[in-house]
>>> print(open('start.pdb').read())   # PDB, C-alpha atoms
ATOM      1  CA  MET A1292      74.249 -21.532  55.718
ATOM      2  CA  THR A1293      75.580 -17.985  55.622
ATOM      3  CA  THR A1294      75.644 -16.100  58.911
ATOM      4  CA  VAL A1295      75.605 -12.324  59.076
ATOM      5  CA  PRO A1296      76.592 -10.094  62.024
ATOM      6  CA  THR A1297      73.862  -9.482  64.562
ATOM      7  CA  LEU A1298      73.182  -5.778  65.023
ATOM      8  CA  GLY A1299      71.212  -4.003  67.723
ATOM      9  CA  ARG A1300      70.505  -0.699  69.417
ATOM     10  CA  ALA A1301      73.416   0.745  71.342
ATOM     11  CA  PRO A1302      73.235   0.386  75.122
ATOM     12  CA  LEU A1303      74.275   3.359  77.207
ATOM     13  CA  THR A1304      77.033   2.214  79.498
ATOM     14  CA  ALA A1305      80.244   3.360  81.176
ATOM     15  CA  ALA A1306      81.397   6.856  82.227
ATOM     16  CA  THR A1307      78.005   7.734  83.649
ATOM     17  CA  GLY A1308      77.575  10.219  86.475
ATOM     18  CA  SER A1309      76.685  13.684  87.676
ATOM     19  CA  GLY A1310      78.620  16.561  89.172
ATOM     20  CA  VAL A1311      79.358  20.274  89.210
ATOM     21  CA  LEU A1312      81.381  22.319  86.718
ATOM     22  CA  ARG A1313      82.398  25.490  88.503
ATOM     23  CA  GLY A1314      82.837  28.796  86.735
ATOM     24  CA  THR A1315      86.279  29.182  85.050
ATOM     25  CA  TYR A1316      87.049  25.471  85.527
ATOM     26  CA  THR A1317      87.621  22.774  82.913
ATOM     27  CA  PHE A1318      85.929  19.389  82.714
ATOM     28  CA  ASP A1319      87.016  15.932  81.498
ATOM     29  CA  PHE A1320      84.039  13.913  80.222
ATOM     30  CA  GLU A1321      86.175  10.805  79.748
ATOM     31  CA  ALA A1322      87.235  10.663  83.403
ATOM     32  CA  GLY A1323      83.962  12.213  84.593
ATOM     33  CA  GLY A1324      84.936  15.303  86.589
ATOM     34  CA  GLU A1325      86.727  18.619  86.773
ATOM     35  CA  THR A1326      90.396  18.508  85.904
ATOM     36  CA  ALA A1327      93.329  20.555  87.167
ATOM     37  CA  SER A1328      95.253  19.946  83.960
ATOM     38  CA  SER A1329      93.991  21.695  80.857
ATOM     39  CA  ALA A1330      95.655  18.981  78.741
ATOM     40  CA  ASN A1331      93.017  16.512  79.955
ATOM     41  CA  ALA A1332      90.048  18.821  79.471
ATOM     42  CA  ASP A1333      87.226  18.532  76.954
ATOM     43  CA  VAL A1334      85.447  21.822  77.806
ATOM     44  CA  TRP A1335      86.096  25.092  79.663
ATOM     45  CA  TRP A1336      83.258  26.948  81.407
ATOM     46  CA  ASP A1337      84.366  30.474  80.534
ATOM     47  CA  GLN A1338      83.096  33.446  82.544
ATOM     48  CA  GLU A1339      83.943  36.486  80.410
ATOM     49  CA  THR A1340      81.946  38.888  82.623
ATOM     50  CA  ALA A1341      79.291  38.590  85.269
ATOM     51  CA  VAL A1342      76.812  38.141  82.395
ATOM     52  CA  ALA A1343      78.736  36.805  79.371
ATOM     53  CA  ARG A1344      79.370  33.080  79.630
ATOM     54  CA  LYS A1345      80.183  30.324  77.170
ATOM     55  CA  LEU A1346      81.164  26.649  77.110
ATOM     56  CA  VAL A1347      84.366  26.271  75.101
ATOM     57  CA  PRO A1348      85.584  22.957  73.599
ATOM     58  CA  TRP A1349      89.272  22.186  74.238
ATOM     59  CA  ASN A1350      92.002  19.915  72.916
ATOM     60  CA  GLY A1351      90.166  18.911  69.756
ATOM     61  CA  ALA A1352      86.843  18.157  71.433
ATOM     62  CA  ALA A1353      83.663  19.367  69.723
ATOM     63  CA  LEU A1354      80.139  20.283  70.864
ATOM     64  CA  PHE A1355      76.563  20.269  69.592
ATOM     65  CA  SER A1356      73.681  21.978  71.372
ATOM     66  CA  LEU A1357      70.451  19.961  71.252
ATOM     67  CA  GLY A1358      68.226  22.191  73.378
ATOM     68  CA  ILE A1359      65.366  20.724  75.403
ATOM     69  CA  VAL A1360      65.061  17.133  74.157
ATOM     70  CA  ASP A1361      64.488  13.638  75.544
ATOM     71  CA  TYR A1362      67.844  12.999  77.247
ATOM     72  CA  ASP A1363      67.143   9.350  78.085
ATOM     73  CA  GLY A1364      66.081   8.552  74.537
ATOM     74  CA  LEU A1365      69.372   9.584  72.950
ATOM     75  CA  GLN A1366      71.386   6.669  71.558
ATOM     76  CA  TYR A1367      74.878   6.224  70.184
ATOM     77  CA  ASP A1368      73.615   6.382  66.602
ATOM     78  CA  ASP A1369      71.889   9.692  67.378
ATOM     79  CA  LEU A1370      75.051  11.249  68.742
ATOM     80  CA  THR A1371      77.314  10.108  65.912
ATOM     81  CA  ALA A1372      74.972  11.663  63.342
ATOM     82  CA  LEU A1373      75.338  15.197  64.739
ATOM     83  CA  ALA A1374      77.371  17.966  63.069
ATOM     84  CA  TYR A1375      79.849  18.798  65.850
ATOM     85  CA  SER A1376      81.657  22.107  65.981
ATOM     86  CA  THR A1377      84.541  23.686  67.863
ATOM     87  CA  THR A1378      82.497  26.881  68.186
ATOM     88  CA  PRO A1379      81.696  27.671  71.861
ATOM     89  CA  ILE A1380      78.091  27.354  73.071
ATOM     90  CA  THR A1381      76.783  30.705  74.261
ATOM     91  CA  ALA A1382      75.164  30.541  77.709
ATOM     92  CA  ASN A1383      74.825  34.129  79.003
ATOM     93  CA  ALA A1384      73.259  34.941  82.351
ATOM     94  CA  GLU A1385      71.056  37.439  80.487
ATOM     95  CA  GLY A1386      69.966  37.272  76.883
ATOM     96  CA  THR A1387      71.109  34.407  74.698
ATOM     97  CA  ASN A1388      71.478  31.156  76.623
ATOM     98  CA  PHE A1389      71.587  27.755  74.908
ATOM     99  CA  LEU A1390      72.290  25.947  78.195
ATOM    100  CA  PRO A1391      69.330  26.681  80.495
ATOM    101  CA  THR A1392      68.240  24.175  83.111
ATOM    102  CA  GLY A1393      67.036  21.034  81.311
ATOM    103  CA  ALA A1394      69.014  21.709  78.119
ATOM    104  CA  VAL A1395      71.001  18.888  76.515
ATOM    105  CA  PHE A1396      74.246  19.066  74.563
ATOM    106  CA  ALA A1397      76.525  16.435  73.054
ATOM    107  CA  VAL A1398      80.291  16.187  73.368
ATOM    108  CA  ARG A1399      82.688  14.432  71.044
ATOM    109  CA  THR A1400      85.659  14.167  73.373
ATOM    110  CA  ARG A1401      89.305  14.774  72.520
ATOM    111  CA  SER A1402      89.807  11.046  71.941
ATOM    112  CA  GLY A1403      86.595  10.537  69.940
ATOM    113  CA  ALA A1404      84.153   9.251  72.567
ATOM    114  CA  TYR A1405      80.521  10.398  72.415
ATOM    115  CA  VAL A1406      78.882  11.787  75.554
ATOM    116  CA  LYS A1407      75.413  13.195  76.102
ATOM    117  CA  VAL A1408      75.123  15.869  78.805
ATOM    118  CA  GLN A1409      72.127  17.525  80.480
ATOM    119  CA  VAL A1410      72.144  20.742  82.519
ATOM    120  CA  LEU A1411      70.391  19.989  85.801
ATOM    121  CA  SER A1412      70.955  23.489  87.182
ATOM    122  CA  TYR A1413      72.215  26.634  85.425
ATOM    123  CA  GLY A1414      74.247  29.382  87.096
ATOM    124  CA  TYR A1415      77.797  30.483  87.689
ATOM    125  CA  ASN A1416      78.295  26.806  88.414
ATOM    126  CA  LEU A1417      76.695  24.186  86.167
ATOM    127  CA  THR A1418      75.230  21.029  87.686
ATOM    128  CA  LEU A1419      75.439  18.335  85.017
ATOM    129  CA  ARG A1420      74.682  14.722  84.401
ATOM    130  CA  TRP A1421      76.387  12.826  81.607
ATOM    131  CA  GLU A1422      76.537   9.457  79.997
ATOM    132  CA  ARG A1423      79.051   8.119  77.491
ATOM    133  CA  CYS A1424      77.379   6.219  74.656
ATOM    134  CA  VAL A1425      78.975   3.146  73.119
ATOM    135  CA  PRO A1426      78.119   1.330  69.882
ATOM    136  CA  ALA A1427      76.054  -1.827  69.829
ATOM    137  CA  THR A1428      78.049  -5.016  70.150
ATOM    138  CA  ARG A1429      77.919  -7.031  66.948
ATOM    139  CA  TYR A1430      78.326 -10.789  66.853
ATOM    140  CA  LEU A1431      79.554 -13.389  64.406
ATOM    141  CA  VAL A1432      78.814 -17.094  64.719
ATOM    142  CA  CYS A1433      81.577 -19.589  65.463
ATOM    143  CA  ARG A1434      80.434 -22.989  64.234
ATOM    144  CA  ALA A1435      82.413 -26.246  64.470
ATOM    145  CA  THR A1436      80.931 -29.314  62.791
ATOM    146  CA  ILE A1437      82.242 -32.680  63.987
ATOM    147  CA  GLY A1438      81.749 -35.681  61.708
ATOM    148  CA  SER A1439      80.737 -39.141  62.878
ATOM    149  CA  ALA A1440      82.947 -42.131  63.625
ATOM    150  CA  PRO A1441      82.163 -45.797  64.399
ATOM    151  CA  ASP A1442      80.867 -46.173  67.943
ATOM    152  CA  TRP A1443      82.968 -49.283  68.455
ATOM    153  CA  LEU A1444      86.034 -47.119  67.922
ATOM    154  CA  VAL A1445      85.187 -43.692  69.427
ATOM    155  CA  THR A1446      83.409 -43.031  72.708
ATOM    156  CA  ARG A1447      83.212 -39.240  72.599
ATOM    157  CA  TYR A1448      84.525 -35.951  71.237
ATOM    158  CA  VAL A1449      85.280 -32.954  73.447
ATOM    159  CA  VAL A1450      85.337 -29.646  71.554
ATOM    160  CA  ASP A1451      86.607 -26.313  72.936
ATOM    161  CA  CYS A1452      86.605 -23.056  70.951
ATOM    162  CA  THR A1453      88.356 -19.934  72.287
ATOM    163  CA  TYR A1454      89.527 -16.529  71.072
ATOM    164  CA  MET A1455      91.840 -13.867  72.470
ATOM    165  CA  THR A1456      91.051 -10.155  72.826
ATOM    166  CA  ALA A1457      93.510  -7.287  72.469
ATOM    167  CA  ASP A1458      94.130  -7.253  76.226
ATOM    168  CA  GLY A1459      95.458 -10.824  76.075
ATOM    169  CA  ARG A1460      92.461 -12.402  77.788
ATOM    170  CA  VAL A1461      91.107 -15.719  76.458
ATOM    171  CA  HIS A1462      87.341 -16.130  76.080
ATOM    172  CA  GLY A1463      85.271 -19.164  75.227
ATOM    173  CA  CYS A1464      83.062 -19.250  72.143
ATOM    174  CA  GLY A1465      81.848 -22.848  72.165
ATOM    175  CA  HIS A1466      82.166 -26.056  74.187
ATOM    176  CA  ALA A1467      80.499 -29.450  73.883
ATOM    177  CA  GLU A1468      80.916 -33.145  74.560
ATOM    178  CA  LEU A1469      79.599 -35.220  71.691
ATOM    179  CA  GLY A1470      79.126 -38.918  71.107
ATOM    180  CA  ALA A1471      80.622 -40.895  68.238
ATOM    181  CA  GLY A1472      77.879 -39.561  65.979
ATOM    182  CA  GLY A1473      79.417 -36.070  66.141
ATOM    183  CA  GLY A1474      77.384 -32.859  65.988
ATOM    184  CA  ILE A1475      77.603 -29.071  65.769
ATOM    185  CA  VAL A1476      79.127 -26.729  68.354
ATOM    186  CA  GLU A1477      78.160 -23.051  68.140
ATOM    187  CA  GLY A1478      79.206 -19.882  69.947
ATOM    188  CA  GLN A1479      79.441 -16.121  69.411
ATOM    189  CA  LEU A1480      82.329 -13.802  68.566
ATOM    190  CA  PRO A1481      81.766 -10.177  69.701
ATOM    191  CA  ASP A1482      83.450  -7.140  68.197
ATOM    192  CA  VAL A1483      85.021  -6.011  71.461
ATOM    193  CA  GLY A1484      86.249  -2.454  71.048
ATOM    194  CA  GLY A1485      84.745  -2.346  67.572
ATOM    195  CA  GLN A1486      86.900  -5.182  66.212
ATOM    196  CA  PHE A1487      86.289  -8.896  65.830
ATOM    197  CA  PRO A1488      89.018 -11.374  66.802
ATOM    198  CA  THR A1489      91.227 -12.418  63.901
ATOM    199  CA  SER A1490      91.284 -16.132  64.684
ATOM    200  CA  VAL A1491      89.715 -18.848  66.803
ATOM    201  CA  ARG A1492      91.534 -21.760  68.457
ATOM    202  CA  ILE A1493      89.619 -25.030  68.211
ATOM    203  CA  VAL A1494      90.754 -28.078  70.188
ATOM    204  CA  VAL A1495      89.153 -31.453  69.460
ATOM    205  CA  THR A1496      89.828 -34.316  71.855
ATOM    206  CA  VAL A1497      88.913 -37.844  70.779
ATOM    207  CA  ASP A1498      88.439 -40.626  73.320
ATOM    208  CA  PHE A1499      88.552 -44.208  72.044
ATOM    209  CA  GLN A1500      86.878 -47.364  73.263
ATOM    210  CA  PRO A1501      89.007 -49.174  75.869
ATOM    211  CA  ASP A1502      89.135 -52.315  73.732
ATOM    212  CA  SER A1503      90.856 -50.374  70.958
ATOM    213  CA  GLU A1504      93.945 -49.936  73.164
ATOM    214  CA  LEU A1505      94.359 -46.439  71.670
ATOM    215  CA  HIS A1506      95.320 -43.425  73.699
ATOM    216  CA  GLY A1507      93.204 -40.278  73.502
ATOM    217  CA  LEU A1508      93.896 -38.019  70.540
ATOM    218  CA  VAL A1509      94.097 -34.205  70.800
ATOM    219  CA  LYS A1510      93.957 -32.078  67.658
ATOM    220  CA  GLU A1511      94.411 -28.290  67.710
ATOM    221  CA  PHE A1512      93.445 -25.928  64.888
ATOM    222  CA  VAL A1513      93.730 -22.148  64.434
ATOM    223  CA  VAL A1514      90.948 -20.925  62.144
ATOM    224  CA  GLY A1515      90.741 -17.407  60.721
ATOM    225  CA  VAL A1516      87.634 -15.303  61.332
ATOM    226  CA  GLU A1517      85.943 -14.263  58.098
ATOM    227  CA  SER A1518      83.193 -11.722  57.430
ATOM    228  CA  THR A1519      80.619 -14.478  57.980
ATOM    229  CA  GLY A1520      82.290 -15.832  61.119
ATOM    230  CA  VAL A1521      83.908 -19.246  61.527
ATOM    231  CA  ASN A1522      82.716 -22.435  59.840
ATOM    232  CA  PHE A1523      85.019 -25.329  60.729
ATOM    233  CA  LEU A1524      84.654 -28.988  59.743
ATOM    234  CA  PHE A1525      86.401 -31.862  61.509
ATOM    235  CA  GLU A1526      85.677 -34.976  59.465
ATOM    236  CA  PRO A1527      87.247 -38.247  60.614
ATOM    237  CA  ASN A1528      88.604 -40.386  57.811
ATOM    238  CA  GLN A1529      86.466 -43.498  57.957
ATOM    239  CA  VAL A1530      88.466 -45.838  55.731
ATOM    240  CA  VAL A1531      87.256 -49.373  56.271
ATOM    241  CA  GLN A1532      90.273 -51.604  55.916
ATOM    242  CA  HIS A1533      90.121 -55.364  56.297
ATOM    243  CA  THR A1534      93.233 -57.498  56.327
ATOM    244  CA  GLN A1535      92.656 -61.230  55.966
ATOM    245  CA  LEU A1536      95.371 -63.535  57.202
ATOM    246  CA  LEU A1537      95.475 -67.252  56.374
ATOM    247  CA  PHE A1538      97.512 -69.440  58.692
ATOM    248  CA  ASP A1539      98.207 -72.907  57.305
ATOM    249  CA  LEU A1540      99.251 -74.660  60.498
ATOM    250  CA  ARG A1541     100.764 -78.135  60.115
ATOM    251  CA  PRO A1542     100.672 -80.549  61.751
ATOM    252  CA  GLN A1543      97.213 -80.198  63.224
ATOM    253  CA  PRO A1544      97.203 -77.736  66.145
ATOM    254  CA  LEU A1545      96.688 -79.215  69.547
ATOM    255  CA  GLY A1546      94.131 -78.049  72.007
ATOM    256  CA  THR A1547      96.836 -76.415  74.106
ATOM    257  CA  ASP A1548      98.290 -74.438  71.179
ATOM    258  CA  PHE A1549      97.623 -70.728  70.731
ATOM    259  CA  LEU A1550      98.243 -68.003  68.160
ATOM    260  CA  LEU A1551      99.728 -64.596  69.097
ATOM    261  CA  ILE A1552      99.264 -61.700  66.659
ATOM    262  CA  ARG A1553     101.293 -58.506  67.123
ATOM    263  CA  TRP A1554     100.372 -55.405  65.087
ATOM    264  CA  THR A1555     101.342 -51.770  64.594
ATOM    265  CA  HIS A1556      99.573 -48.858  62.923
ATOM    266  CA  THR A1557     101.748 -46.158  61.339
ATOM    267  CA  SER A1558     100.789 -42.720  60.052
ATOM    268  CA  GLY A1559     103.250 -40.296  58.533
ATOM    269  CA  GLY A1560     106.081 -42.670  59.269
ATOM    270  CA  LEU A1561     105.273 -42.769  62.982
ATOM    271  CA  VAL A1562     103.748 -45.603  64.966
ATOM    272  CA  VAL A1563     100.525 -44.223  66.387
ATOM    273  CA  ALA A1564      99.104 -47.471  67.765
ATOM    274  CA  ALA A1565     100.281 -51.005  68.478
ATOM    275  CA  GLY A1566      99.087 -54.088  70.282
ATOM    276  CA  GLN A1567      98.818 -57.823  70.322
ATOM    277  CA  LYS A1568      96.037 -60.381  70.586
ATOM    278  CA  PRO A1569      96.419 -64.069  71.455
ATOM    279  CA  GLY A1570      94.079 -66.820  70.359
ATOM    280  CA  ARG A1571      92.095 -68.086  73.325
ATOM    281  CA  ARG A1572      90.150 -71.159  74.305
ATOM    282  CA  SER A1573      86.658 -70.710  75.688
ATOM    283  CA  ALA A1574      83.990 -73.006  77.033
ATOM    284  CA  GLY A1575      82.417 -73.126  73.594
ATOM    285  CA  GLY A1576      85.605 -74.320  71.955
ATOM    286  CA  PRO A1577      88.726 -72.774  70.570
ATOM    287  CA  ARG A1578      88.626 -69.466  68.844
ATOM    288  CA  SER A1579      91.295 -67.169  67.484
ATOM    289  CA  GLY A1580      91.183 -63.647  68.917
ATOM    290  CA  GLY A1581      91.315 -60.657  66.586
ATOM    291  CA  LEU A1582      90.865 -57.063  67.566
ATOM    292  CA  ARG A1583      87.147 -57.562  67.320
ATOM    293  CA  ASP A1584      87.244 -61.338  67.772
ATOM    294  CA  ARG A1585      86.085 -61.859  64.206
ATOM    295  CA  PHE A1586      87.284 -64.831  62.192
ATOM    296  CA  CYS A1587      87.173 -66.432  58.757
ATOM    297  CA  PRO A1588      84.202 -68.706  58.209
ATOM    298  CA  GLY A1589      85.143 -72.298  57.520
ATOM    299  CA  ARG A1590      84.029 -71.984  53.906
ATOM    300  CA  ASP A1591      86.749 -69.390  53.293
ATOM    301  CA  LEU A1592      89.322 -71.902  54.417
ATOM    302  CA  ARG A1593      87.828 -74.765  52.402
ATOM    303  CA  ARG A1594      87.928 -72.660  49.232
ATOM    304  CA  ARG A1595      91.683 -72.445  49.705
ATOM    305  CA  ARG A1596      92.227 -76.196  50.119
ATOM    306  CA  ARG A1597      93.801 -77.984  47.226
ATOM    307  CA  GLY A1598      94.196 -81.752  46.845
ATOM    308  CA  ASN A1599      94.396 -84.049  49.833
ATOM    309  CA  ARG A1600      97.202 -82.426  51.792
ATOM    310  CA  HIS A1601      94.817 -80.919  54.363
ATOM    311  CA  ARG A1602      92.536 -83.894  54.846
ATOM    312  CA  HIS A1603      93.971 -84.414  58.300
ATOM    313  CA  LEU A1604      92.328 -81.097  59.377
ATOM    314  CA  PRO A1605      88.834 -81.573  60.760
ATOM    315  CA  ARG A1606      86.269 -79.765  58.613
ATOM    316  CA  SER A1607      84.226 -78.874  61.655
ATOM    317  CA  ARG A1608      87.070 -76.879  63.250
ATOM    318  CA  PRO A1609      88.536 -74.781  60.422
ATOM    319  CA  GLU A1610      88.710 -71.651  62.589
ATOM    320  CA  ARG A1611      91.749 -73.066  64.357
ATOM    321  CA  VAL A1612      93.845 -72.439  61.264
ATOM    322  CA  CYS A1613      92.220 -69.350  59.773
ATOM    323  CA  ALA A1614      91.949 -65.946  61.377
ATOM    324  CA  ASP A1615      90.174 -63.005  59.750
ATOM    325  CA  LEU A1616      91.986 -60.199  61.551
ATOM    326  CA  SER A1617      92.125 -56.455  61.040
ATOM    327  CA  PRO A1618      95.507 -55.466  62.511
ATOM    328  CA  VAL A1619      94.333 -51.863  62.713
ATOM    329  CA  ARG A1620      90.688 -52.816  63.368
ATOM    330  CA  GLU A1621      87.664 -52.616  61.129
ATOM    331  CA  SER A1622      87.771 -48.829  60.699
ATOM    332  CA  SER A1623      91.472 -48.449  60.971
ATOM    333  CA  ALA A1624      92.005 -44.726  60.461
ATOM    334  CA  VAL A1625      92.414 -42.506  63.473
ATOM    335  CA  PRO A1626      89.960 -39.562  63.204
ATOM    336  CA  GLY A1627      91.596 -36.531  61.646
ATOM    337  CA  GLU A1628      94.489 -38.546  60.101
ATOM    338  CA  SER A1629      94.889 -39.390  56.421
ATOM    339  CA  ARG A1630      95.434 -43.042  55.491
ATOM    340  CA  ARG A1631      95.952 -44.965  52.308
TER     341      ARG A1631
END
>>> encode(input="start.pdb", output="structure tokens")
Amino acid sequence: MTTVPTLGRAPLTAATGSGVLRGTYTFDFEAGGETASSANADVWWDQETAVARKLVPWNGAALFSLGIVDYDGLQYDDLTALAYSTTPITANAEGTNFLPTGAVFAVRTRSGAYVKVQVLSYGYNLTLRWERCVPATRYLVCRATIGSAPDWLVTRYVVDCTYMTADGRVHGCGHAELGAGGGIVEGQLPDVGGQFPTSVRIVVTVDFQPDSELHGLVKEFVVGVESTGVNFLFEPNQVVQHTQLLFDLRPQPLGTDFLLIRWTHTSGGLVVAAGQKPGRRSAGGPRSGGLRDRFCPGRDLRRRRRGNRHRHLPRSRPERVCADLSPVRESSAVPGESRR
């Protein structure tokens, strides 16, 4: 399924306030106040005479006069669509005045931020309120699909998905604990600062059944973020591998005898699991212990008999000499590992 970014209306957040811009002073709409340094100013409230006044953009900032409009209804998209200019806004005490009480103007600051401003009181000093508008946060979907494994082998999966922002902080975008049947883990990736993360770190931890004698497995993946988000698949290799061992024990085993099987499982030239299982005697009679305590039926043994050399073995107890063992158990591959 293709996932597209989620778009929405821009909330109005950050750099919000009100204050006074005195005559002949400059104002910084990014910091939210008058500034003593002209290098940090976005506008200058110029008093040419007692009557002639104008608001002058500075340091690459630009202005647009909106007049008497709905200040609260203005959104980021509205402000970015305006035709800004470096021409001063005339606001004379007599005659032409585009900044009377209640008027609204927009500022594109020296660093490119968009601010809406309303004149609460006009005079030699301007009482203003302002609000910096930011774009809507878009989201991509981070989806990790975990395949199933035999429940006699795996008890659970633990999945953690994280990403890092430009400030070095790590954020979560998906977490779940799943059973052996697997499942789907989903989260969201925001475009913080107008940019999506470039990659997502996915850690899958596999816990095995205690009887398997396997230690927990941790797999880590770094997955790139595409235009549709992240779609990651962790599919355990479920290779069913049976190894049948025939033990022709002569003379006839005694009731006190036992069989000890030692096994190792290698992957990539490394031993990833090992163990041993002895044959045991129970109240119901002798039995040879495999990893799952499964054994050859007597008919399998009898098919292998030739001539009379095994007639001394009792037909009713063939399991004493035949063990159907899977040295790496019935589904021998460790999830996430390739096996042949």
>>> axis_aligned_box(input="start.pdb", around="stretch 1416-1423 of chain A", padding_each_side="8 Å", output="lines of an AutoDock Vina configuration file")
center_x = 76.9
center_y = 17.5
center_z = 83.0
size_x = 20.4
size_y = 34.7
size_z = 26.9
>>> residues_around(input="start.pdb", residues="A:Glu1321", least_positions_apart="2", cutoff="10 Å", atoms="all atoms listed in the file", output="list in words")
Ala1305, Ala1306, Thr1307, Phe1318, Asp1319, Gly1323, Gly1324, Asn1331, Ala1332, Asp1333, Thr1400, Arg1401, Ser1402, Gly1403, Ala1404, Tyr1405, Val1406, Glu1422 and Arg1423 of chain A
>>> closest_residue(input="start.pdb", among="A:Arg1429, A:His1466, A:His1506, A:Arg1447", to="A:Pro1481", atoms="all atoms listed in the file")
A:Arg1429
>>> residues_around(input="start.pdb", residues="A:Thr1489", least_positions_apart="4", cutoff="10 Å", atoms="all atoms listed in the file", output="list in words")
Tyr1454, Met1455, Thr1456, Val1514, Gly1515, Val1516, Glu1517 and Gly1520 of chain A
>>> atom_distance(input="start.pdb", atom1="atom CA of A:Asn1383", atom2="atom CA of A:Thr1315")
13.9 Å
>>> residues_around(input="start.pdb", residues="A:Ala1353", least_positions_apart="4", cutoff="6 Å", atoms="only C-alpha atoms", output="list in words")
Pro1348, Tyr1375, Ser1376, Thr1377, Val1398 and Arg1399 of chain A
>>> resolve_selection(input="start.pdb", expression="the PyMOL selection byres ((chain A and resi 1317) around 12)", output="ChimeraX atom specification")
/A:1311-1316,1318-1320,1323-1338,1346-1350,1416-1417
>>> closest_residue(input="start.pdb", among="A:Ala1397, A:Ala1427, A:Ala1384, A:Val1342", to="A:Tyr1362", atoms="only C-alpha atoms")
A:Ala1397
>>> atom_distance(input="start.pdb", atom1="atom CA of A:Val1491", atom2="atom CA of A:Cys1424")
29.0 Å
>>> atom_distance(input="start.pdb", atom1="atom CA of A:Gly1358", atom2="atom CA of A:Asn1388")
10.1 Å
>>> closest_residue(input="start.pdb", among="A:Val1497, A:Leu1390, A:Leu1508, A:Val1425", to="A:Asp1369", atoms="only C-alpha atoms")
A:Val1425
>>> resolve_selection(input="start.pdb", expression="the PyMOL selection byres ((chain A and resi 1526) around 6)", output="JSON, numbers by chain")
{"A": [1438, 1525, 1527]}
>>> resolve_selection(input="start.pdb", expression="the PyMOL selection byres ((chain A and resi 1418) around 10)", output="list in words")
Ser1309, Gly1310, Val1311, Leu1312, Arg1313, Thr1392, Gln1409, Val1410, Leu1411, Ser1412, Tyr1413, Gly1414, Tyr1415, Asn1416, Leu1417, Leu1419 and Arg1420 of chain A
>>> closest_residue(input="start.pdb", among="A:Ala1440, A:Leu1365, A:Ala1565, A:Leu1480", to="A:Val1408", atoms="all atoms listed in the file")
A:Leu1365
>>> closest_residue(input="start.pdb", among="A:Thr1340, A:His1556, A:Asp1498, A:Phe1396", to="A:Ile1359", atoms="only C-alpha atoms")
A:Phe1396
>>> closest_residue(input="start.pdb", among="A:Leu1373, A:Leu1536, A:Cys1452, A:Leu1354", to="A:Ser1490", atoms="all atoms listed in the file")
A:Cys1452
>>> decode(input="start.pdb", residues="stretch 1339-1369 of chain A", atoms="C-alpha atoms", output="PDB file, in the first residue's frame")
ATOM      1  CA  GLU A1339      10.551  62.261   9.054  1.00  0.00           C
ATOM      2  CA  THR A1340       8.570  65.188  10.526  1.00  0.00           C
ATOM      3  CA  ALA A1341       5.866  65.629  13.102  1.00  0.00           C
ATOM      4  CA  VAL A1342       3.425  64.494  10.389  1.00  0.00           C
ATOM      5  CA  ALA A1343       5.370  62.388   7.855  1.00  0.00           C
ATOM      6  CA  ARG A1344       5.918  58.847   9.082  1.00  0.00           C
ATOM      7  CA  LYS A1345       6.710  55.535   7.436  1.00  0.00           C
ATOM      8  CA  LEU A1346       7.612  51.953   8.350  1.00  0.00           C
ATOM      9  CA  VAL A1347      10.838  51.014   6.577  1.00  0.00           C
ATOM     10  CA  PRO A1348      12.008  47.404   6.010  1.00  0.00           C
ATOM     11  CA  TRP A1349      15.667  46.763   6.906  1.00  0.00           C
ATOM     12  CA  ASN A1350      18.368  44.182   6.277  1.00  0.00           C
ATOM     13  CA  GLY A1351      16.563  42.425   3.444  1.00  0.00           C
ATOM     14  CA  ALA A1352      13.197  42.186   5.186  1.00  0.00           C
ATOM     15  CA  ALA A1353      10.073  42.965   3.153  1.00  0.00           C
ATOM     16  CA  LEU A1354       6.552  44.205   3.943  1.00  0.00           C
ATOM     17  CA  PHE A1355       2.997  43.923   2.640  1.00  0.00           C
ATOM     18  CA  SER A1356       0.124  46.083   3.854  1.00  0.00           C
ATOM     19  CA  LEU A1357      -3.146  44.158   4.190  1.00  0.00           C
ATOM     20  CA  GLY A1358      -5.357  46.900   5.618  1.00  0.00           C
ATOM     21  CA  ILE A1359      -8.282  46.056   7.892  1.00  0.00           C
ATOM     22  CA  VAL A1360      -8.644  42.270   7.610  1.00  0.00           C
ATOM     23  CA  ASP A1361      -9.316  39.264   9.841  1.00  0.00           C
ATOM     24  CA  TYR A1362      -6.004  39.031  11.724  1.00  0.00           C
ATOM     25  CA  ASP A1363      -6.798  35.736  13.461  1.00  0.00           C
ATOM     26  CA  GLY A1364      -7.819  34.065  10.218  1.00  0.00           C
ATOM     27  CA  LEU A1365      -4.480  34.594   8.490  1.00  0.00           C
ATOM     28  CA  GLN A1366      -2.508  31.385   7.943  1.00  0.00           C
ATOM     29  CA  TYR A1367       0.996  30.541   6.807  1.00  0.00           C
ATOM     30  CA  ASP A1368      -0.203  29.787   3.279  1.00  0.00           C
ATOM     31  CA  ASP A1369      -1.869  33.214   3.135  1.00  0.00           C
TER      32      ASP A1369
END
